[in-house]
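Okay, input13.json is below, JSON, C-alpha atoms and all ligand atoms:
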[["chain", "number", "residue", "atom", "x", "y", "z"],
["A", 12, "MET", "CA", 41.29, 90.13, 103.00],
["A", 13, "HIS", "CA", 42.94, 93.30, 104.30],
["A", 14, "LEU", "CA", 45.62, 91.31, 106.08],
["A", 15, "HIS", "CA", 46.41, 89.45, 102.90],
["A", 16, "LYS", "CA", 47.02, 92.72, 101.09],
["A", 17, "PHE", "CA", 49.36, 93.94, 103.83],
["A", 18, "GLU", "CA", 51.27, 90.69, 103.67],
["A", 19, "LYS", "CA", 51.84, 91.17, 99.97],
["A", 20, "ILE", "CA", 53.14, 94.68, 100.56],
["A", 21, "TRP", "CA", 55.52, 93.50, 103.27],
["A", 22, "LEU", "CA", 56.69, 90.61, 101.12],
["A", 23, "THR", "CA", 57.43, 93.01, 98.25],
["A", 24, "PHE", "CA", 59.20, 95.34, 100.63],
["A", 25, "GLY", "CA", 61.27, 92.46, 101.96],
["A", 26, "ILE", "CA", 62.34, 91.36, 98.49],
["A", 27, "VAL", "CA", 63.29, 94.92, 97.52],
["A", 28, "ALA", "CA", 65.28, 95.34, 100.75],
["A", 29, "LEU", "CA", 67.07, 92.04, 100.10],
["A", 30, "ALA", "CA", 67.91, 93.07, 96.55],
["A", 31, "VAL", "CA", 69.30, 96.41, 97.75],
["A", 32, "PHE", "CA", 71.32, 94.66, 100.45],
["A", 33, "LEU", "CA", 72.78, 92.15, 97.98],
["A", 34, "GLY", "CA", 73.54, 94.99, 95.60],
["A", 35, "VAL", "CA", 75.47, 96.88, 98.24],
["A", 36, "VAL", "CA", 77.40, 93.76, 99.26],
["A", 37, "GLY", "CA", 78.16, 93.00, 95.61],
["A", 38, "VAL", "CA", 79.39, 96.53, 94.89],
["A", 39, "SER", "CA", 81.65, 96.67, 97.94],
["A", 40, "ALA", "CA", 83.08, 93.22, 97.18],
["A", 41, "PHE", "CA", 83.72, 94.39, 93.63],
["A", 42, "SER", "CA", 85.51, 97.55, 94.69],
["A", 43, "GLN", "CA", 87.61, 95.71, 97.29],
["A", 44, "ASP", "CA", 88.68, 93.31, 94.59],
["A", 45, "HIS", "CA", 90.04, 96.26, 92.62],
["A", 46, "THR", "CA", 92.09, 97.77, 95.42],
["A", 47, "PRO", "CA", 95.74, 97.38, 94.50],
["A", 48, "ALA", "CA", 97.53, 94.81, 96.64],
["A", 49, "GLY", "CA", 99.95, 96.01, 99.25],
["A", 50, "GLY", "CA", 100.26, 99.30, 101.02],
["A", 51, "MET", "CA", 99.11, 102.62, 99.67],
["A", 52, "ASP", "CA", 100.41, 106.07, 100.46],
["A", 53, "THR", "CA", 99.60, 109.38, 98.86],
["A", 54, "ILE", "CA", 101.98, 111.66, 96.96],
["A", 55, "ASP", "CA", 101.62, 114.93, 95.05],
["A", 56, "PRO", "CA", 101.85, 113.79, 91.41],
["A", 57, "LYS", "CA", 103.40, 117.13, 90.41],
["A", 58, "LYS", "CA", 106.20, 116.72, 92.95],
["A", 59, "VAL", "CA", 107.11, 113.10, 92.27],
["A", 60, "ASN", "CA", 110.58, 113.95, 90.97],
["A", 61, "GLU", "CA", 111.47, 115.80, 94.16],
["A", 62, "THR", "CA", 109.83, 113.39, 96.62],
["A", 63, "ALA", "CA", 111.79, 110.48, 98.10],
["A", 64, "PRO", "CA", 112.27, 107.76, 97.04],
["A", 65, "PHE", "CA", 111.27, 108.88, 93.53],
["A", 66, "ASP", "CA", 113.83, 111.69, 93.44],
["A", 67, "LYS", "CA", 116.36, 108.86, 92.96],
["A", 68, "PRO", "CA", 114.53, 106.12, 91.08],
["A", 69, "GLY", "CA", 116.12, 102.70, 90.86],
["A", 70, "VAL", "CA", 117.47, 100.10, 93.25],
["A", 71, "THR", "CA", 118.49, 100.85, 96.84],
["A", 72, "GLN", "CA", 119.78, 98.18, 99.20],
["A", 73, "LEU", "CA", 118.04, 98.54, 102.56],
["A", 74, "ASP", "CA", 119.83, 95.74, 104.42],
["A", 75, "ASP", "CA", 121.42, 92.32, 103.74],
["A", 76, "ASP", "CA", 118.15, 90.74, 102.68],
["A", 77, "THR", "CA", 116.04, 93.65, 101.46],
["A", 78, "TYR", "CA", 116.15, 95.89, 98.43],
["A", 79, "GLN", "CA", 113.87, 98.75, 97.50],
["A", 80, "VAL", "CA", 113.07, 99.61, 93.90],
["A", 81, "ALA", "CA", 111.52, 103.02, 93.21],
["A", 82, "ILE", "CA", 109.87, 103.45, 89.84],
["A", 83, "VAL", "CA", 108.06, 106.37, 88.22],
["A", 84, "ALA", "CA", 105.53, 105.41, 85.56],
["A", 85, "MET", "CA", 104.48, 107.94, 82.94],
["A", 86, "ALA", "CA", 103.12, 108.05, 79.43],
["A", 87, "PHE", "CA", 104.76, 106.10, 77.94],
["A", 88, "GLY", "CA", 107.52, 104.49, 79.95],
["A", 89, "TYR", "CA", 109.08, 103.81, 83.33],
["A", 90, "ASN", "CA", 111.77, 105.93, 84.92],
["A", 91, "ALA", "CA", 113.68, 103.05, 86.45],
["A", 92, "PRO", "CA", 117.40, 103.12, 85.72],
["A", 93, "ASP", "CA", 119.71, 100.12, 86.26],
["A", 94, "LEU", "CA", 117.09, 97.61, 87.31],
["A", 95, "LYS", "CA", 119.28, 94.80, 88.62],
["A", 96, "VAL", "CA", 118.28, 92.89, 91.76],
["A", 97, "PRO", "CA", 119.41, 89.62, 93.33],
["A", 98, "ALA", "CA", 117.34, 86.44, 93.39],
["A", 99, "GLY", "CA", 116.28, 85.08, 96.77],
["A", 100, "LYS", "CA", 116.08, 88.49, 98.47],
["A", 101, "GLU", "CA", 113.05, 90.56, 99.30],
["A", 102, "ILE", "CA", 112.46, 93.26, 96.73],
["A", 103, "ILE", "CA", 110.10, 96.04, 97.73],
["A", 104, "PHE", "CA", 108.70, 97.79, 94.69],
["A", 105, "LYS", "CA", 107.37, 101.31, 95.16],
["A", 106, "VAL", "CA", 105.66, 102.73, 92.11],
["A", 107, "THR", "CA", 103.79, 105.93, 91.33],
["A", 108, "SER", "CA", 102.58, 107.76, 88.23],
["A", 109, "THR", "CA", 103.02, 111.39, 87.20],
["A", 110, "ASP", "CA", 100.05, 111.43, 84.84],
["A", 111, "VAL", "CA", 97.42, 108.75, 84.26],
["A", 112, "VAL", "CA", 96.70, 105.24, 85.53],
["A", 113, "HIS", "CA", 99.25, 102.66, 84.38],
["A", 114, "SER", "CA", 100.21, 99.25, 85.61],
["A", 115, "PHE", "CA", 103.53, 97.83, 86.71],
["A", 116, "THR", "CA", 103.41, 94.23, 85.66],
["A", 117, "ILE", "CA", 106.37, 91.86, 85.65],
["A", 118, "ASP", "CA", 105.83, 89.04, 83.20],
["A", 119, "ASN", "CA", 105.79, 85.50, 84.68],
["A", 120, "THR", "CA", 105.57, 86.76, 88.27],
["A", 121, "LYS", "CA", 102.84, 87.71, 90.71],
["A", 122, "VAL", "CA", 103.80, 91.38, 90.43],
["A", 123, "ASN", "CA", 100.85, 93.13, 88.82],
["A", 124, "MET", "CA", 100.33, 96.54, 90.37],
["A", 125, "MET", "CA", 97.92, 99.24, 89.39],
["A", 126, "VAL", "CA", 99.79, 102.57, 89.33],
["A", 127, "VAL", "CA", 97.64, 105.58, 90.14],
["A", 128, "PRO", "CA", 98.74, 109.24, 90.11],
["A", 129, "GLY", "CA", 98.69, 110.62, 93.65],
["A", 130, "ARG", "CA", 99.32, 107.19, 95.15],
["A", 131, "ILE", "CA", 102.36, 105.14, 96.00],
["A", 132, "THR", "CA", 101.73, 101.48, 95.41],
["A", 133, "THR", "CA", 103.96, 99.04, 97.24],
["A", 134, "LYS", "CA", 104.55, 95.36, 96.58],
["A", 135, "SER", "CA", 107.07, 92.97, 98.05],
["A", 136, "TYR", "CA", 108.38, 90.19, 95.86],
["A", 137, "THR", "CA", 111.19, 87.64, 95.90],
["A", 138, "PHE", "CA", 112.47, 86.31, 92.60],
["A", 139, "ASP", "CA", 113.28, 82.58, 92.63],
["A", 140, "LYS", "CA", 115.25, 82.42, 89.41],
["A", 141, "PRO", "CA", 117.83, 84.75, 87.86],
["A", 142, "GLY", "CA", 117.09, 86.03, 84.39],
["A", 143, "LYS", "CA", 115.69, 88.96, 82.51],
["A", 144, "TYR", "CA", 112.07, 89.78, 83.20],
["A", 145, "LEU", "CA", 109.81, 91.92, 81.07],
["A", 146, "ILE", "CA", 108.03, 94.82, 82.74],
["A", 147, "LEU", "CA", 104.92, 95.98, 80.98],
["A", 148, "CYS", "CA", 101.86, 98.17, 81.31],
["A", 149, "ASN", "CA", 98.54, 96.34, 81.47],
["A", 150, "GLU", "CA", 96.30, 99.38, 81.79],
["A", 151, "TYR", "CA", 95.38, 101.17, 78.59],
["A", 152, "CYS", "CA", 96.93, 104.63, 79.07],
["A", 153, "GLY", "CA", 96.92, 106.26, 75.65],
["A", 154, "THR", "CA", 98.35, 106.06, 72.14],
["A", 155, "GLY", "CA", 101.77, 104.86, 73.31],
["A", 156, "HIS", "CA", 100.44, 102.21, 75.70],
["A", 157, "HIS", "CA", 101.81, 99.31, 73.65],
["A", 158, "MET", "CA", 105.29, 100.87, 73.70],
["A", 159, "MET", "CA", 105.37, 101.07, 77.48],
["A", 160, "PHE", "CA", 107.73, 98.40, 78.73],
["A", 161, "ASN", "CA", 111.07, 97.92, 80.46],
["A", 162, "GLU", "CA", 113.25, 95.13, 81.75],
["A", 163, "ILE", "CA", 114.52, 94.00, 85.13],
["A", 164, "GLU", "CA", 117.56, 91.79, 85.50],
["A", 165, "VAL", "CA", 117.66, 89.27, 88.33],
["A", 166, "TYR", "CA", 121.13, 87.93, 89.13],
["B", 1, "LIG", "CU1", 100.95, 102.84, 80.63],
["B", 1, "LIG", "CU2", 99.50, 101.44, 79.39]]
Write-out of the structure in structure tokens:
Amino acid sequence: MHLHKFEKIWLTFGIVALAVFLGVVGVSAFSQDHTPAGGMDTIDPKKVNETAPFDKPGVTQLDDDTYQVAIVAMAFGYNAPDLKVPAGKEIIFKVTSTDVVHSFTIDNTKVNMMVVPGRITTKSYTFDKPGKYLILCNEYCGTGHHMMFNEIEVY
């Protein structure tokens, strides 16, 4: 009889331990899923405008096949002048925010980056087709969220 009672206790303990374990695994899988794709570096959000490459936002050609595009997101827009890049070349987007969390999402592409103040989010992308692509913010960031968009021209 005593043994039986102990077995019940151990069984309960085992189930609880399993539940905790699954919970931990679930939570870490969840948070990993929400890590922005690509590299991540830190930046002082108050010094974005004086920190390279964001001191000169826009397109920079790195070599024959690679271009870098630096973009500053803020409420409610993107500081990204003259966004014109060639198709068929690697475009490295580097985006940061000076205020709250935004996104940098290019319509009809796989570019969908979460933009976090204090972080530089990097994503490499190659456009197949020339055209004009809509850039928009997918993260609710305040009253002007719906007005936060831009355009990139691929030639
Ligand atoms: Cu920025 Cu929504």
Between CA of Thr62 (chain A) and CA of Ala84 (chain A), what is the distance in Å, rounded to a tenth?
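Separation of CA of Thr62 (chain A) and CA of Ala84 (chain A): 14.3 Å.
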Please return as JSON, numbers by chain the residues found within 9 Å of ligand LIG 1 (chain B), counting all atoms listed in the file.
{"A": [84, 85, 86, 87, 88, 89, 111, 112, 113, 114, 115, 126, 147, 148, 149, 150, 151, 152, 153, 154, 155, 156, 157, 158, 159, 160]}
Between CA of Ala30 (chain A) and CA of Glu18 (chain A), what is the distance in Å, rounded to a tenth?
18.3 Å
For a quick check of understanding, using only C-alpha atoms, which of A:Asp93, A:Asp139, A:Asp52, A:Glu162 has the smallest distance to Lys121 (chain A)?
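Using only C-alpha atoms, Lys121 (chain A) sits closest to A:Asp139.
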Which of these residues is nearest to Leu94 (chain A), using all atoms listed in the file: A:Asn119, A:Asn60, A:Thr71, A:Ser135?
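Checking each candidate against Leu94 (chain A), we get A:Thr71 as the closest.
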